[in-house]
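As provided, query_4.txt (compact mmCIF, C-alpha atoms) reads as follows.
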```
# COMPACT_ATOMS: atom_id res chain seq x y z
CA MET A 58 18.02 9.90 10.34
CA ALA A 59 14.72 9.17 8.62
CA ILE A 60 15.09 7.60 5.18
CA TYR A 61 12.72 7.96 2.24
CA HIS A 62 11.67 4.75 0.52
CA LEU A 63 8.52 4.10 -1.46
CA CYS A 64 8.39 1.30 -4.03
CA ILE A 65 5.24 0.74 -6.08
CA LYS A 66 4.74 -2.57 -7.87
CA PRO A 67 1.81 -4.49 -9.35
CA VAL A 68 0.65 -7.95 -8.31
CA LYS A 69 0.16 -9.73 -11.64
CA ARG A 70 -1.68 -13.00 -12.19
CA GLY A 71 0.39 -13.55 -15.33
CA GLU A 72 3.48 -13.83 -13.12
CA GLY A 73 1.88 -16.55 -11.02
CA ARG A 74 0.96 -14.20 -8.20
CA ALA A 75 -2.35 -13.81 -6.37
CA ALA A 76 -3.77 -11.02 -4.26
CA THR A 77 -4.93 -13.60 -1.71
CA ALA A 78 -1.39 -14.91 -1.25
CA ALA A 79 0.09 -11.42 -1.05
CA ALA A 80 -2.40 -10.35 1.59
CA ALA A 81 -1.93 -13.50 3.66
CA TYR A 82 1.87 -13.16 3.67
CA ARG A 83 1.97 -9.49 4.55
CA ALA A 84 -0.62 -9.79 7.32
CA ALA A 85 0.74 -13.14 8.61
CA GLU A 86 -2.70 -14.73 8.33
CA LEU A 87 -4.42 -17.70 6.70
CA VAL A 88 -6.33 -16.91 3.51
CA ALA A 89 -8.05 -19.51 1.33
CA ASP A 90 -8.23 -18.75 -2.39
CA ASP A 91 -11.66 -19.61 -3.82
CA ARG A 92 -10.45 -19.42 -7.41
CA THR A 93 -7.58 -21.92 -7.15
CA GLY A 94 -8.48 -23.84 -4.01
CA GLU A 95 -5.09 -23.03 -2.49
CA VAL A 96 -4.72 -22.13 1.18
CA PHE A 97 -2.04 -19.59 2.06
CA ASP A 98 -1.09 -20.03 5.72
CA TYR A 99 1.47 -17.57 7.08
CA THR A 100 0.24 -17.56 10.67
CA ARG A 101 3.71 -18.58 11.90
CA LYS A 102 5.32 -15.52 10.34
CA ARG A 103 6.69 -13.05 12.89
CA GLY A 104 7.38 -9.35 12.84
CA VAL A 105 3.95 -7.92 12.00
CA GLU A 106 3.07 -5.03 14.32
CA HIS A 107 -0.34 -4.07 12.99
CA THR A 108 -2.74 -4.89 10.15
CA GLU A 109 -5.83 -3.02 9.04
CA ILE A 110 -8.22 -2.61 6.11
CA VAL A 111 -9.13 0.95 5.12
CA LEU A 112 -12.05 1.87 2.88
CA PRO A 113 -12.99 5.12 1.11
CA LEU A 114 -14.92 7.30 3.54
CA ALA A 115 -17.93 7.47 1.21
CA VAL A 116 -18.09 3.66 1.08
CA ALA A 117 -17.25 3.02 4.73
CA ARG A 118 -20.47 4.73 5.80
CA GLN A 119 -22.46 2.04 4.00
CA ASP A 120 -22.98 -1.70 4.60
CA VAL A 121 -19.63 -3.09 3.43
CA HIS A 122 -18.76 -5.47 6.26
CA TRP A 123 -17.57 -8.06 3.74
CA ALA A 124 -14.79 -5.75 2.61
CA ARG A 125 -13.32 -5.60 6.12
CA ASN A 126 -12.74 -9.34 6.04
CA ARG A 127 -9.33 -9.99 4.47
CA GLN A 128 -10.27 -13.31 2.87
CA GLU A 129 -13.57 -12.02 1.45
CA LEU A 130 -12.00 -8.80 0.19
CA TRP A 131 -9.16 -10.37 -1.78
CA ASN A 132 -11.23 -13.24 -3.11
CA ALA A 133 -13.68 -10.66 -4.43
CA ALA A 134 -10.79 -8.75 -6.01
CA GLU A 135 -9.57 -11.95 -7.69
CA ALA A 136 -13.08 -12.84 -8.89
CA ALA A 137 -13.47 -9.41 -10.49
CA GLU A 138 -10.59 -10.15 -12.87
CA LYS A 139 -11.20 -12.53 -15.78
CA ARG A 140 -7.96 -12.18 -17.73
CA ARG A 141 -5.13 -14.63 -17.20
CA ASP A 142 -2.67 -11.74 -17.16
CA ALA A 143 -4.76 -9.48 -14.92
CA ARG A 144 -3.27 -7.04 -12.47
CA VAL A 145 -5.06 -8.12 -9.29
CA ALA A 146 -3.57 -5.68 -6.77
CA ARG A 147 -1.03 -2.91 -6.39
CA GLU A 148 1.54 -2.81 -3.60
CA TYR A 149 3.20 0.19 -1.98
CA GLU A 150 6.23 -0.68 0.15
CA VAL A 151 7.33 2.18 2.40
CA ALA A 152 10.02 2.82 4.98
CA VAL A 153 8.50 4.15 8.20
CA PRO A 154 10.67 6.46 10.34
CA HIS A 155 12.20 4.61 13.30
CA GLU A 156 12.01 7.89 15.23
CA LEU A 157 8.25 7.38 15.63
CA THR A 158 6.65 5.18 18.26
CA ARG A 159 4.65 2.10 17.32
CA SER A 160 1.30 3.91 17.54
CA GLN A 161 2.69 6.87 15.59
CA ARG A 162 3.95 4.54 12.85
CA VAL A 163 0.51 2.98 12.54
CA GLU A 164 -1.10 6.42 12.49
CA LEU A 165 1.17 7.53 9.63
CA VAL A 166 0.55 4.45 7.48
CA ARG A 167 -3.17 4.64 8.17
CA ALA A 168 -3.26 8.27 7.01
CA PHE A 169 -1.47 7.41 3.76
CA SER A 170 -3.75 4.40 3.23
CA GLN A 171 -6.84 6.54 3.75
CA ASP A 172 -5.42 9.04 1.29
CA LEU A 173 -5.09 6.32 -1.37
CA ALA A 174 -8.53 4.90 -0.57
CA ASP A 175 -10.25 8.27 -0.97
CA ARG A 176 -8.23 9.34 -4.02
CA TYR A 177 -8.95 6.20 -6.05
CA GLY A 178 -12.03 4.72 -4.37
CA VAL A 179 -10.16 1.50 -3.57
CA ALA A 180 -9.90 -0.82 -0.59
CA VAL A 181 -6.51 -0.67 1.13
CA ASP A 182 -5.01 -3.44 3.25
CA PHE A 183 -1.89 -2.43 5.17
CA ALA A 184 0.57 -4.22 7.43
CA VAL A 185 3.25 -2.50 9.50
CA HIS A 186 6.33 -4.69 10.02
CA ARG A 187 9.17 -4.56 12.54
CA PRO A 188 12.79 -4.79 11.30
CA HIS A 189 14.02 -8.25 10.39
CA ARG A 190 16.02 -9.79 13.24
CA ALA A 191 19.14 -10.13 11.09
CA GLY A 192 18.86 -6.69 9.50
CA ASP A 193 19.02 -3.01 10.39
CA GLU A 194 17.14 -2.43 13.65
CA ARG A 195 15.83 0.87 12.26
CA ASN A 196 14.14 -0.79 9.28
CA PHE A 197 10.50 -0.36 10.25
CA HIS A 198 8.41 -0.63 7.09
CA ALA A 199 4.91 -1.22 5.80
CA HIS A 200 3.33 -3.14 2.95
CA ILE A 201 0.19 -1.50 1.56
CA LEU A 202 -1.98 -3.51 -0.83
CA THR A 203 -4.69 -1.74 -2.80
CA THR A 204 -7.34 -3.12 -5.09
CA THR A 205 -7.07 -2.10 -8.73
CA ARG A 206 -10.80 -1.49 -9.01
CA ALA A 207 -13.02 0.95 -7.18
CA ILE A 208 -15.04 -0.65 -4.38
CA THR A 209 -18.81 -0.32 -3.94
CA PRO A 210 -21.19 -1.82 -1.37
CA ALA A 211 -22.12 -4.45 -3.98
CA GLY A 212 -18.58 -5.36 -5.04
CA PHE A 213 -15.99 -3.96 -7.40
CA GLY A 214 -16.51 -1.49 -10.21
CA ASP A 215 -14.20 -0.18 -12.93
CA LYS A 216 -10.43 -0.10 -12.92
CA THR A 217 -9.04 3.05 -11.32
CA VAL A 218 -7.42 5.75 -13.43
CA LEU A 219 -4.03 4.71 -12.05
CA GLU A 220 -4.37 1.37 -13.83
CA LEU A 221 -5.14 2.91 -17.23
CA GLY A 222 -2.58 3.27 -20.01
CA ASP A 223 -1.42 6.75 -20.93
CA ARG A 224 -3.53 6.77 -24.11
CA ASP A 225 -6.72 6.11 -22.13
CA ARG A 226 -5.66 8.61 -19.50
CA ALA A 227 -5.17 11.25 -22.20
CA ARG A 228 -8.74 10.69 -23.42
CA LEU A 229 -9.88 11.56 -19.90
CA GLY A 230 -7.76 14.68 -19.85
CA LEU A 231 -5.17 13.17 -17.50
CA GLY A 232 -1.41 13.35 -17.73
CA PRO A 233 0.95 10.36 -17.94
CA ALA A 234 0.77 7.78 -15.15
CA ARG A 235 4.36 8.56 -14.15
CA GLU A 236 3.26 12.05 -13.13
CA GLU A 237 0.58 10.62 -10.89
CA ILE A 238 3.09 8.19 -9.38
CA GLY A 239 5.26 11.22 -8.66
CA GLU A 240 2.37 12.87 -6.82
CA ILE A 241 1.87 9.76 -4.69
CA ARG A 242 5.56 9.66 -3.82
CA ALA A 243 5.45 13.32 -2.84
CA ARG A 244 2.35 12.76 -0.72
CA TRP A 245 4.10 10.09 1.37
CA ALA A 246 6.95 12.53 2.02
CA VAL A 247 4.53 15.27 3.08
CA LEU A 248 2.64 13.01 5.49
CA THR A 249 5.88 11.61 6.91
CA ASN A 250 7.36 15.05 7.53
CA GLU A 251 4.12 16.28 9.11
CA ARG A 252 4.25 13.42 11.63
CA LEU A 253 7.94 13.92 12.34
CA GLN A 254 7.39 17.62 13.00
CA GLU A 255 4.25 16.98 15.03
CA HIS A 256 6.12 14.61 17.35
CA GLY A 257 9.15 16.87 17.83
CA HIS A 258 11.71 15.28 15.50
CA GLU A 259 14.10 17.33 13.36
CA ALA A 260 14.60 14.57 10.76
CA ARG A 261 12.87 15.05 7.41
CA VAL A 262 12.55 12.97 4.22
CA ASP A 263 12.53 14.04 0.56
CA HIS A 264 11.02 12.00 -2.26
CA ARG A 265 13.27 13.62 -4.86
CA SER A 266 16.49 12.07 -6.10
CA LEU A 267 19.78 13.42 -4.74
CA GLU A 268 20.43 14.99 -8.14
CA ALA A 269 17.07 16.76 -8.09
CA GLN A 270 17.87 18.04 -4.60
CA GLY A 271 21.23 19.35 -5.80
CA LEU A 272 23.17 17.05 -3.47
CA GLU A 273 26.41 15.34 -4.39
CA ARG A 274 26.84 12.35 -2.11
CA VAL A 275 26.55 8.58 -2.17
CA PRO A 276 22.91 7.46 -1.64
```

Please, can you express the file's structure as structure tokens?
Amino acid sequence: MAIYHLCIKPVKRGEGRAATAAAAYRAAELVADDRTGEVFDYTRKRGVEHTEIVLPLAVARQDVHWARNRQELWNAAEAAEKRRDARVAREYEVAVPHELTRSQRVELVRAFSQDLADRYGVAVDFAVHRPHRAGDERNFHAHILTTTRAITPAGFGDKTVLELGDRDRARLGLGPAREEIGEIRARWAVLTNERLQEHGHEARVDHRSLEAQGLERVP
């Protein structure tokens, strides 16, 4: 049975976190942080099936080779933020259906990552992980890191609309951020169900709460 899970959380400098460290850990790579001089080495970490950086289609057609390098990308994202309490990245943690094969899991996460990249103009760095050895063997999942600023061939531009407060969003004629988060959650469900159907599986996921679905059972 496929399970729906999508958790969205910010990576905040004010909490002692860095985008460089987050990217290194999730991709099981070594990333040096130019701002702090720290080196984050997670090359001994196991369980990573696939890593990839996705760019908006409009940007990918241009000369942006630097953005496909994990260390360059996240150091540039850190350098673009001057505030001590800056939000340097946004993470989407998703459960990937165990019914899918490895290549199908990658395909699904790539499609969602491309969707985010094109919707917000951001760079997206995703890593698909196998289940932890001591946990549920069906727990395939992915960590998707996005920049909080739109990417251009020359570097980073303005913060995306998703990072704006509701007052600023209202000035742009946009609804509350929670509504947009709801749309993202729904989009993951749609893409997941499309892949499950495409590959002959009856299982489906639903981003709505059990109450919203009219179901009375223990989650």

Skip Val262 (chain A) itself and residues of its chain fewer than 5 positions away, then list as a compact mmCIF listing (two decimals) with C-alpha atoms, keeping the file's coordinate frame all residues within 7 Å of it, counting all atoms listed in the file.
```
# COMPACT_ATOMS: atom_id res chain seq x y z
CA ALA A 59 14.72 9.17 8.62
CA ILE A 60 15.09 7.60 5.18
CA TYR A 61 12.72 7.96 2.24
CA ALA A 246 6.95 12.53 2.02
CA ASN A 250 7.36 15.05 7.53
```

Per-axis box centre and lengths in Å around region 185-190 of chain A, 8 Å margin per side, axis-aligned, as JSON:
```
{"center_x": 9.6, "center_y": -6.1, "center_z": 11.4, "size_x": 28.8, "size_y": 23.3, "size_z": 19.7}
```

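Distance-wise, CA of Ala124 (chain A) and CA of Arg162 (chain A) end up 23.7 Å apart.
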
Find the spatial neighbours of Arg176 (chain A), counting only C-alpha atoms, within a cut-off of 12 Å - ignore same-chain residues fewer than 5 positions away - and output them as a VMD selection string.
chain A and resid 112 to 115 169 to 171 181 203 207 217 to 219 237 240 to 241 244

Put those residues in a file: C-alpha atoms, as a short mmCIF file (atom, residue, chain, number, x, y, z; two decimals), in the frame of the given file.
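Final file, result_14.cif:
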```
data_model
loop_
_atom_site.label_atom_id
_atom_site.label_comp_id
_atom_site.auth_asym_id
_atom_site.auth_seq_id
_atom_site.Cartn_x
_atom_site.Cartn_y
_atom_site.Cartn_z
CA LEU A 112 -12.05 1.87 2.88
CA PRO A 113 -12.99 5.12 1.11
CA LEU A 114 -14.92 7.30 3.54
CA ALA A 115 -17.93 7.47 1.21
CA PHE A 169 -1.47 7.41 3.76
CA SER A 170 -3.75 4.40 3.23
CA GLN A 171 -6.84 6.54 3.75
CA VAL A 181 -6.51 -0.67 1.13
CA THR A 203 -4.69 -1.74 -2.80
CA ALA A 207 -13.02 0.95 -7.18
CA THR A 217 -9.04 3.05 -11.32
CA VAL A 218 -7.42 5.75 -13.43
CA LEU A 219 -4.03 4.71 -12.05
CA GLU A 237 0.58 10.62 -10.89
CA GLU A 240 2.37 12.87 -6.82
CA ILE A 241 1.87 9.76 -4.69
CA ARG A 244 2.35 12.76 -0.72
#
```

Using all atoms listed in the file, which residues of region 133-232 of chain A come within 12 Å of region 85-99 of chain A, and what is the closest atom pair for each, with the distance in Å to one decimal? Give it as a Markdown table, sorted by chain and residue number.
```
| residue | atom | partner | partner_atom | distance |
| --- | --- | --- | --- | --- |
| A:Ala133 | CA | A:Asp91 | CA | 9.2 |
| A:Ala134 | CA | A:Arg92 | CA | 10.8 |
| A:Glu135 | CA | A:Arg92 | CA | 7.5 |
| A:Ala136 | CA | A:Arg92 | CA | 7.2 |
| A:Ala137 | CA | A:Arg92 | CA | 10.9 |
| A:Glu138 | CA | A:Arg92 | CA | 10.8 |
| A:Lys139 | CA | A:Arg92 | CA | 10.9 |
| A:Phe183 | CA | A:Ala85 | CA | 11.6 |
| A:Ala184 | CA | A:Ala85 | CA | 9.0 |
| A:Val185 | CA | A:Ala85 | CA | 11.0 |
| A:His186 | CA | A:Ala85 | CA | 10.2 |
| A:His200 | CA | A:Ala85 | CA | 11.8 |
```

Surrounding residues of Arg125 (chain A) excluding itself and chain neighbours under 4 positions, 12 Å, all atoms listed in the file, as a list in words:
Thr108, Glu109, Ile110, Val111, Leu112, Pro113, Val116, Ala117, Asp120, Val121, Glu129, Leu130, Trp131, Ala133, Ala180, Val181, Asp182, Phe183, Ile208 and Pro210 of chain A

Those same residues - C-alpha atoms - I'd like them written as a PDB file, in the coordinates of the input.
```
ATOM      1  CA  THR A 108      -2.740  -4.890  10.150  1.00  0.00           C
ATOM      2  CA  GLU A 109      -5.830  -3.020   9.040  1.00  0.00           C
ATOM      3  CA  ILE A 110      -8.220  -2.610   6.110  1.00  0.00           C
ATOM      4  CA  VAL A 111      -9.130   0.950   5.120  1.00  0.00           C
ATOM      5  CA  LEU A 112     -12.050   1.870   2.880  1.00  0.00           C
ATOM      6  CA  PRO A 113     -12.990   5.120   1.110  1.00  0.00           C
ATOM      7  CA  VAL A 116     -18.090   3.660   1.080  1.00  0.00           C
ATOM      8  CA  ALA A 117     -17.250   3.020   4.730  1.00  0.00           C
ATOM      9  CA  ASP A 120     -22.980  -1.700   4.600  1.00  0.00           C
ATOM     10  CA  VAL A 121     -19.630  -3.090   3.430  1.00  0.00           C
ATOM     11  CA  GLU A 129     -13.570 -12.020   1.450  1.00  0.00           C
ATOM     12  CA  LEU A 130     -12.000  -8.800   0.190  1.00  0.00           C
ATOM     13  CA  TRP A 131      -9.160 -10.370  -1.780  1.00  0.00           C
ATOM     14  CA  ALA A 133     -13.680 -10.660  -4.430  1.00  0.00           C
ATOM     15  CA  ALA A 180      -9.900  -0.820  -0.590  1.00  0.00           C
ATOM     16  CA  VAL A 181      -6.510  -0.670   1.130  1.00  0.00           C
ATOM     17  CA  ASP A 182      -5.010  -3.440   3.250  1.00  0.00           C
ATOM     18  CA  PHE A 183      -1.890  -2.430   5.170  1.00  0.00           C
ATOM     19  CA  ILE A 208     -15.040  -0.650  -4.380  1.00  0.00           C
ATOM     20  CA  PRO A 210     -21.190  -1.820  -1.370  1.00  0.00           C
TER      21      PRO A 210
END
```

Mind pulling up the distance from CA of Val179 (chain A) to CA of Asp215 (chain A)?
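CA of Asp215 (chain A) sits 10.3 Å away from CA of Val179 (chain A).
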
Considering only C-alpha atoms, state which residue in the set A:Glu220, A:Asp193, A:Glu259, A:Asp172 is at the smallest distance from Arg144 (chain A).
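Once distances to Arg144 (chain A) are computed over only C-alpha atoms, the minimum belongs to A:Glu220.
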
So which residues touch Arg70 (chain A) within 10 Å, counting only C-alpha atoms, skipping near sequence neighbours fewer than 5 positions away, as a list in words?
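Listed by chain and then number, they are Ala75, Ala76, Glu135, Glu138, Arg140, Arg141, Asp142, Ala143, Arg144, Val145 and Ala146 of chain A.
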
Find the spatial neighbours of Arg187 (chain A), counting only C-alpha atoms, within a cut-off of 8 Å - ignore same-chain residues fewer than 4 positions away - and output them as a list in words.
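Residues meeting the cut-off are Gly104, Val105, Glu106, Asn196, Phe197 and His198 of chain A.
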
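If you look at CA of Thr100 (chain A) and CA of Gln128 (chain A), they are 13.8 Å away from each other.
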
Anything within 6 Å of (4.5, 2.6, -2.1): list those residues as a PyMOL selection string, counting all atoms listed in the file and sticking to the file's coordinates.
chain A and resi 63-65+149-151
